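run02.txt follows; it contains compact mmCIF, C-alpha atoms.
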# COMPACT_ATOMS: atom_id res chain seq x y z
CA MET E 1 42.63 78.27 20.08
CA GLY E 2 46.31 78.20 21.09
CA PRO E 3 49.13 77.41 18.71
CA ASN E 4 49.57 73.95 20.21
CA ALA E 5 45.87 72.99 20.36
CA PRO E 6 44.97 69.84 18.37
CA ILE E 7 43.24 70.33 15.07
CA VAL E 8 39.86 68.60 14.95
CA ASN E 9 38.71 67.42 11.52
CA LYS E 10 34.92 67.79 11.86
CA THR E 11 34.27 66.13 8.51
CA ASN E 12 36.13 62.94 9.49
CA THR E 13 34.39 62.88 12.87
CA GLN E 14 30.99 63.14 11.22
CA ARG E 15 31.89 60.40 8.75
CA GLY E 16 33.05 58.16 11.58
CA SER E 17 29.83 58.75 13.46
CA LEU E 18 27.77 58.00 10.35
CA ALA E 19 29.76 54.82 9.68
CA GLY E 20 29.15 53.70 13.24
CA ARG E 21 25.45 54.20 12.92
CA LEU E 22 25.40 52.34 9.61
CA LEU E 23 27.36 49.45 11.14
CA GLN E 24 24.95 49.29 14.05
CA GLY E 25 22.04 49.28 11.62
CA VAL E 26 23.58 46.42 9.65
CA LYS E 27 24.01 44.44 12.88
CA VAL E 28 20.37 44.96 13.75
CA LEU E 29 19.28 43.80 10.27
CA LEU E 30 21.51 40.73 10.49
CA LEU E 31 20.11 39.82 13.89
CA ALA E 32 16.56 40.28 12.59
CA ALA E 33 17.30 38.13 9.56
CA LEU E 34 18.78 35.42 11.78
CA ALA E 35 15.71 35.48 14.01
CA TRP E 36 13.45 35.30 10.93
CA THR E 37 15.26 32.30 9.47
CA THR E 38 15.13 30.59 12.86
CA VAL E 39 11.38 31.07 13.26
CA LEU E 40 10.34 30.61 9.63
CA PRO E 41 10.90 26.83 9.26
CA GLY E 42 8.76 26.12 12.31
CA ALA E 43 6.05 28.49 11.16
CA ALA E 44 6.13 27.00 7.66
CA ALA E 45 5.94 23.48 9.05
CA ALA E 46 2.90 24.46 11.11
CA ARG E 47 1.15 25.56 7.93
CA GLN E 48 1.95 22.40 6.00
CA PRO E 49 -0.87 19.89 5.45
CA ARG E 50 -0.40 16.85 7.65
CA VAL E 51 -0.59 13.23 6.51
CA LEU E 52 -1.12 10.29 8.87
CA VAL E 53 0.47 7.08 7.63
CA TYR E 54 -1.29 4.19 9.36
CA THR E 55 0.46 0.80 9.24
CA LYS E 56 -1.59 -1.39 11.59
CA ASN E 57 -1.83 -5.11 10.80
CA GLN E 58 -3.62 -7.87 12.66
CA ILE E 59 -0.96 -10.16 14.09
CA GLY E 60 -1.40 -13.89 14.63
CA PRO E 61 -1.37 -17.31 12.97
CA GLY E 62 -2.65 -17.12 9.41
CA PHE E 63 -2.46 -13.31 9.18
CA TYR E 64 -0.08 -12.04 6.52
CA VAL E 65 1.98 -8.91 7.19
CA HIS E 66 3.89 -7.36 4.30
CA ASP E 67 7.62 -6.80 4.70
CA ASN E 68 7.50 -3.57 2.67
CA ILE E 69 6.19 -1.26 5.37
CA ALA E 70 9.53 0.26 6.41
CA GLU E 71 10.33 1.06 2.79
CA SER E 72 6.87 2.48 2.04
CA VAL E 73 7.00 4.69 5.13
CA ALA E 74 10.45 5.98 4.17
CA ALA E 75 9.22 6.74 0.65
CA ILE E 76 6.21 8.73 1.90
CA LYS E 77 8.37 10.66 4.36
CA LYS E 78 10.71 11.57 1.50
CA LEU E 79 7.76 12.70 -0.62
CA GLY E 80 6.61 14.85 2.27
CA VAL E 81 9.97 16.61 2.59
CA GLU E 82 10.18 17.19 -1.15
CA ASN E 83 6.57 18.34 -1.58
CA HIS E 84 5.92 20.26 1.63
CA PHE E 85 3.56 18.11 3.63
CA ALA E 86 4.22 16.82 7.14
CA VAL E 87 4.11 13.07 7.78
CA GLU E 88 3.27 11.25 11.01
CA VAL E 89 3.41 7.45 11.23
CA SER E 90 1.45 5.23 13.60
CA ASP E 91 0.33 1.63 14.01
CA ASP E 92 -1.74 2.53 17.07
CA PRO E 93 -5.52 2.44 16.55
CA GLY E 94 -5.71 4.84 19.49
CA ALA E 95 -4.69 7.54 17.02
CA PHE E 96 -8.24 7.37 15.65
CA THR E 97 -10.01 9.93 17.78
CA GLY E 98 -11.97 12.90 16.53
CA ALA E 99 -9.59 15.39 18.14
CA ASN E 100 -6.46 13.79 16.71
CA LEU E 101 -7.75 13.22 13.18
CA LYS E 102 -8.71 16.89 12.90
CA ARG E 103 -4.99 17.63 12.55
CA PHE E 104 -4.68 15.70 9.29
CA LYS E 105 -5.62 16.37 5.70
CA VAL E 106 -5.07 12.78 4.52
CA ILE E 107 -4.85 9.32 6.09
CA VAL E 108 -2.74 6.75 4.21
CA PHE E 109 -3.62 3.13 4.93
CA ASP E 110 -0.17 1.76 4.20
CA ASN E 111 -0.29 -1.99 3.59
CA CYS E 112 -2.70 -2.51 6.45
CA ASN E 113 -4.35 -5.93 6.57
CA ASN E 114 -7.22 -7.64 8.36
CA GLU E 115 -8.59 -6.09 11.61
CA ILE E 116 -6.97 -2.69 12.25
CA PHE E 117 -9.32 -1.07 14.79
CA ASP E 118 -10.08 -2.05 18.37
CA THR E 119 -13.29 -0.18 19.12
CA GLU E 120 -16.44 1.17 17.50
CA ALA E 121 -15.36 4.65 18.61
CA GLN E 122 -12.23 4.41 16.45
CA LYS E 123 -14.31 3.36 13.45
CA ALA E 124 -16.69 6.25 14.11
CA ALA E 125 -13.75 8.67 14.23
CA LEU E 126 -12.66 7.50 10.77
CA GLN E 127 -16.18 7.95 9.44
CA HIS E 128 -16.39 11.45 10.89
CA PHE E 129 -13.02 12.32 9.29
CA VAL E 130 -14.24 11.18 5.86
CA ARG E 131 -17.64 12.85 6.21
CA ALA E 132 -15.89 16.11 7.15
CA GLY E 133 -14.09 16.06 3.77
CA GLY E 134 -10.94 14.17 4.72
CA GLY E 135 -8.76 12.40 2.17
CA ILE E 136 -7.97 8.66 2.14
CA VAL E 137 -5.15 6.84 0.34
CA GLY E 138 -4.91 3.04 0.28
CA LEU E 139 -1.77 1.15 -0.66
CA HIS E 140 -1.75 -2.46 -1.84
CA SER E 141 -3.13 -4.70 0.94
CA ALA E 142 -5.24 -1.89 2.43
CA CYS E 143 -8.14 -3.44 0.49
CA GLY E 144 -7.71 -6.48 2.76
CA ALA E 145 -8.30 -4.49 5.93
CA MET E 146 -11.60 -4.58 7.83
CA ARG E 147 -13.00 -7.40 5.69
CA HIS E 148 -16.21 -7.54 7.71
CA TRP E 149 -17.04 -3.83 7.53
CA PRO E 150 -18.96 -2.92 4.33
CA TRP E 151 -18.51 0.84 4.83
CA PHE E 152 -14.75 0.39 4.72
CA TRP E 153 -14.95 -1.70 1.52
CA ARG E 154 -17.02 0.96 -0.18
CA MET E 155 -14.64 3.69 0.95
CA MET E 156 -11.56 1.81 -0.29
CA GLY E 157 -13.26 0.77 -3.53
CA GLY E 158 -13.63 -2.94 -2.91
CA ARG E 159 -12.57 -5.90 -0.78
CA PHE E 160 -9.60 -8.15 -1.49
CA ALA E 161 -10.57 -11.49 -3.05
CA ARG E 162 -7.33 -13.14 -4.28
CA HIS E 163 -4.18 -12.78 -6.33
CA PRO E 164 -2.23 -15.24 -8.48
CA ARG E 165 1.52 -15.75 -8.14
CA LEU E 166 3.84 -12.77 -8.41
CA GLN E 167 4.53 -12.10 -12.11
CA THR E 168 5.01 -9.46 -14.80
CA PHE E 169 1.95 -8.10 -16.61
CA THR E 170 0.95 -5.06 -18.63
CA VAL E 171 -0.56 -2.02 -16.92
CA LYS E 172 -2.58 0.49 -18.97
CA ASN E 173 -2.91 4.17 -18.10
CA MET E 174 -6.65 4.82 -18.28
CA ASP E 175 -6.52 8.52 -17.39
CA PRO E 176 -3.29 10.35 -18.33
CA LYS E 177 -4.81 13.65 -17.18
CA ASN E 178 -5.19 12.68 -13.52
CA ILE E 179 -2.60 14.20 -11.19
CA SER E 180 -1.42 10.74 -10.10
CA THR E 181 -1.04 9.19 -13.56
CA ALA E 182 -0.21 12.21 -15.74
CA ARG E 183 3.49 11.42 -15.85
CA LEU E 184 3.12 7.70 -16.44
CA PRO E 185 3.39 6.12 -19.89
CA ALA E 186 0.35 4.92 -21.81
CA SER E 187 1.25 1.36 -20.83
CA PHE E 188 4.12 -0.32 -19.03
CA GLU E 189 5.28 -3.70 -17.79
CA TRP E 190 5.11 -4.23 -14.04
CA THR E 191 6.02 -7.13 -11.75
CA ASP E 192 3.65 -7.39 -8.81
CA GLU E 193 0.69 -9.22 -7.32
CA PHE E 194 -2.32 -8.81 -9.58
CA TYR E 195 -5.21 -8.17 -7.19
CA PHE E 196 -8.79 -9.22 -7.79
CA LEU E 197 -11.37 -7.47 -5.59
CA ASP E 198 -15.06 -7.99 -4.99
CA ASN E 199 -17.77 -5.63 -3.72
CA MET E 200 -16.45 -2.85 -5.96
CA PRO E 201 -18.81 0.17 -6.09
CA ASP E 202 -20.01 1.48 -9.44
CA ASP E 203 -18.60 4.99 -9.05
CA LEU E 204 -14.89 4.17 -9.29
CA HIS E 205 -12.86 6.32 -11.68
CA VAL E 206 -10.26 3.87 -12.98
CA LEU E 207 -6.74 5.27 -13.38
CA LEU E 208 -4.64 2.17 -14.04
CA ALA E 209 -5.86 -1.21 -15.26
CA GLY E 210 -4.12 -4.56 -15.60
CA ASP E 211 -4.34 -6.21 -19.00
CA LEU E 212 -5.87 -9.59 -18.22
CA THR E 213 -4.60 -11.07 -21.49
CA THR E 214 -1.01 -10.72 -20.21
CA LEU E 215 -1.72 -12.52 -16.90
CA ASP E 216 -0.82 -16.17 -16.38
CA ASP E 217 -3.61 -17.33 -14.09
CA ALA E 218 -5.84 -20.35 -14.60
CA GLU E 219 -8.59 -18.82 -12.42
CA LYS E 220 -8.64 -15.30 -13.84
CA GLU E 221 -11.94 -15.75 -15.64
CA LYS E 222 -13.60 -16.87 -12.43
CA TYR E 223 -12.61 -13.73 -10.54
CA ARG E 224 -12.70 -10.99 -13.14
CA ASN E 225 -15.48 -8.42 -12.96
CA PRO E 226 -17.46 -8.58 -16.26
CA LYS E 227 -18.06 -4.83 -16.03
CA TYR E 228 -14.40 -4.17 -16.81
CA GLY E 229 -13.82 -6.73 -19.52
CA ARG E 230 -10.13 -7.56 -19.95
CA GLU E 231 -8.91 -4.38 -18.21
CA ILE E 232 -9.05 -4.98 -14.48
CA PRO E 233 -8.87 -1.88 -12.23
CA LEU E 234 -5.66 -1.68 -10.22
CA THR E 235 -5.67 2.01 -9.30
CA TRP E 236 -8.66 4.31 -8.92
CA CYS E 237 -10.18 7.27 -7.16
CA HIS E 238 -13.70 8.28 -6.16
CA GLN E 239 -15.58 10.55 -3.81
CA PHE E 240 -17.38 8.71 -1.06
CA ASP E 241 -19.46 9.82 1.91
CA GLY E 242 -18.10 13.37 1.75
CA GLY E 243 -14.43 12.48 1.39
CA ARG E 244 -11.90 11.84 -1.38
CA GLU E 245 -10.49 8.33 -1.69
CA TRP E 246 -7.59 7.08 -3.85
CA TYR E 247 -6.27 3.51 -3.95
CA THR E 248 -3.66 1.43 -5.75
CA ALA E 249 -3.40 -2.36 -5.63
CA LEU E 250 0.23 -2.14 -6.76
CA GLY E 251 3.19 -2.09 -4.38
CA HIS E 252 3.84 -5.58 -3.02
CA GLN E 253 7.63 -5.55 -3.22
CA LYS E 254 10.00 -3.47 -1.09
CA GLU E 255 11.80 -2.34 -4.23
CA HIS E 256 8.67 -0.70 -5.61
CA TYR E 257 8.94 2.13 -3.10
CA ALA E 258 12.36 3.15 -4.42
CA ASP E 259 11.01 3.28 -7.98
CA ALA E 260 10.61 6.87 -9.18
CA GLN E 261 7.59 6.02 -11.33
CA PHE E 262 5.78 4.36 -8.44
CA ALA E 263 6.71 7.22 -6.09
CA ARG E 264 5.11 9.69 -8.53
CA LEU E 265 1.97 7.57 -8.53
CA ILE E 266 1.74 7.61 -4.72
CA LEU E 267 2.52 11.32 -4.55
CA GLY E 268 -0.25 12.07 -7.02
CA GLY E 269 -2.65 9.96 -4.98
CA ILE E 270 -1.86 11.87 -1.80
CA LEU E 271 -2.20 15.22 -3.57
CA TRP E 272 -5.50 14.16 -5.18
CA ALA E 273 -6.82 13.11 -1.77
CA MET E 274 -5.86 16.57 -0.50
CA GLY E 275 -8.06 18.08 -3.21
CA LYS E 276 -5.35 19.06 -5.67
CA THR E 277 -6.01 18.33 -9.31
CA GLU E 278 -3.49 20.41 -11.24
CA VAL E 279 -0.37 18.68 -12.50
CA ALA E 280 2.79 20.63 -11.64
CA GLN E 281 4.73 21.71 -14.72

Give the structure from the file, written as structure tokens.
Amino acid sequence: MGPNAPIVNKTNTQRGSLAGRLLQGVKVLLLAALAWTTVLPGAAAARQPRVLVYTKNQIGPGFYVHDNIAESVAAIKKLGVENHFAVEVSDDPGAFTGANLKRFKVIVFDNCNNEIFDTEAQKAALQHFVRAGGGIVGLHSACGAMRHWPWFWRMMGGRFARHPRLQTFTVKNMDPKNISTARLPASFEWTDEFYFLDNMPDDLHVLLAGDLTTLDDAEKEKYRNPKYGREIPLTWCHQFDGGREWYTALGHQKEHYADAQFARLILGGILWAMGKTEVAQ
């Protein structure tokens, strides 16, 4: 090496080479992490249980349609985001095919009323879904749907008969251990329509009951079911024809669906219909 030749620091060169390799490695890890976070939400969503919210109502003179459907749909969508289940909404009876219903864990009949199917094939698809172990949730006027189809009454837990004027009454928690009622108080005051149903099957497990002594209704004795005395079922669950069914008669007013207590009730009903029984701590 001549006197004017540059001095090469081998140690620094090696360090620079090592640093370059480390930097390249970090870049690769960052790109991999970015790809993972991009793919993961879609993959997670694909694994989430799916819930079909069905809102069909018969339209025409004399047919009542609740004005709470937009609010109830929004509430269920919010519950889905917060509790990791996917929600699809439809008022199209064409959604009731065997192939389509296979995608869902639970069907929510959200304030449906009167005739909500067009064909026998759609009704058969619902029956197949239930018999294959599917979950059903009914909200409020869902007990007034398909009033001429006994199988539907038995699935829902009864058929709508009447209600007195909107008023405040006492609701009793009949099963504080159920996933849908575990976080509700032993009793509470609630303003709603107090539903009376007929054709109620004997196997209902009552979760919430309305205290008939707190109801102002001249005809209440005529419509009450003697089996239940002064505590009229307003929310229940049962297993029917291979499936799991949960129903609440509460929920007439739009404002109910923004109520945290009522949202917990609906969430628990959906989870119970999915087959979950443990209350999250």

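For the set E:Leu267, E:Val53, E:Leu197, E:Ile136, the residue with the smallest atom-to-atom gap to Leu79 of chain E is E:Leu267, counting all atoms listed in the file.
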
Between atom CA of Pro226 of chain E and atom CA of Asp211 of chain E - distance in Å to one decimal = 13.6 Å

Extract, using only C-alpha atoms, all DNA, RNA and protein residues at most 10 Å from Gly275 of chain E, discarding same-chain residues fewer than 6 positions from it, and format them as a ChimeraX atom specification.
-> /E:105-106,133-135,243-244,269

Could you name the residues that touch Val206 of chain E at 9 Å or less, counting only C-alpha atoms, but leaving out those on the same chain fewer than 2 positions away, as a PyMOL selection string?
-> chain E and resi 173-175+204+208-209+233-238

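Each of E:His252, E:Arg47, E:Arg159, E:Arg165 was compared to Asp216 of chain E using only C-alpha atoms, and E:Arg165 turns out to be the nearest.
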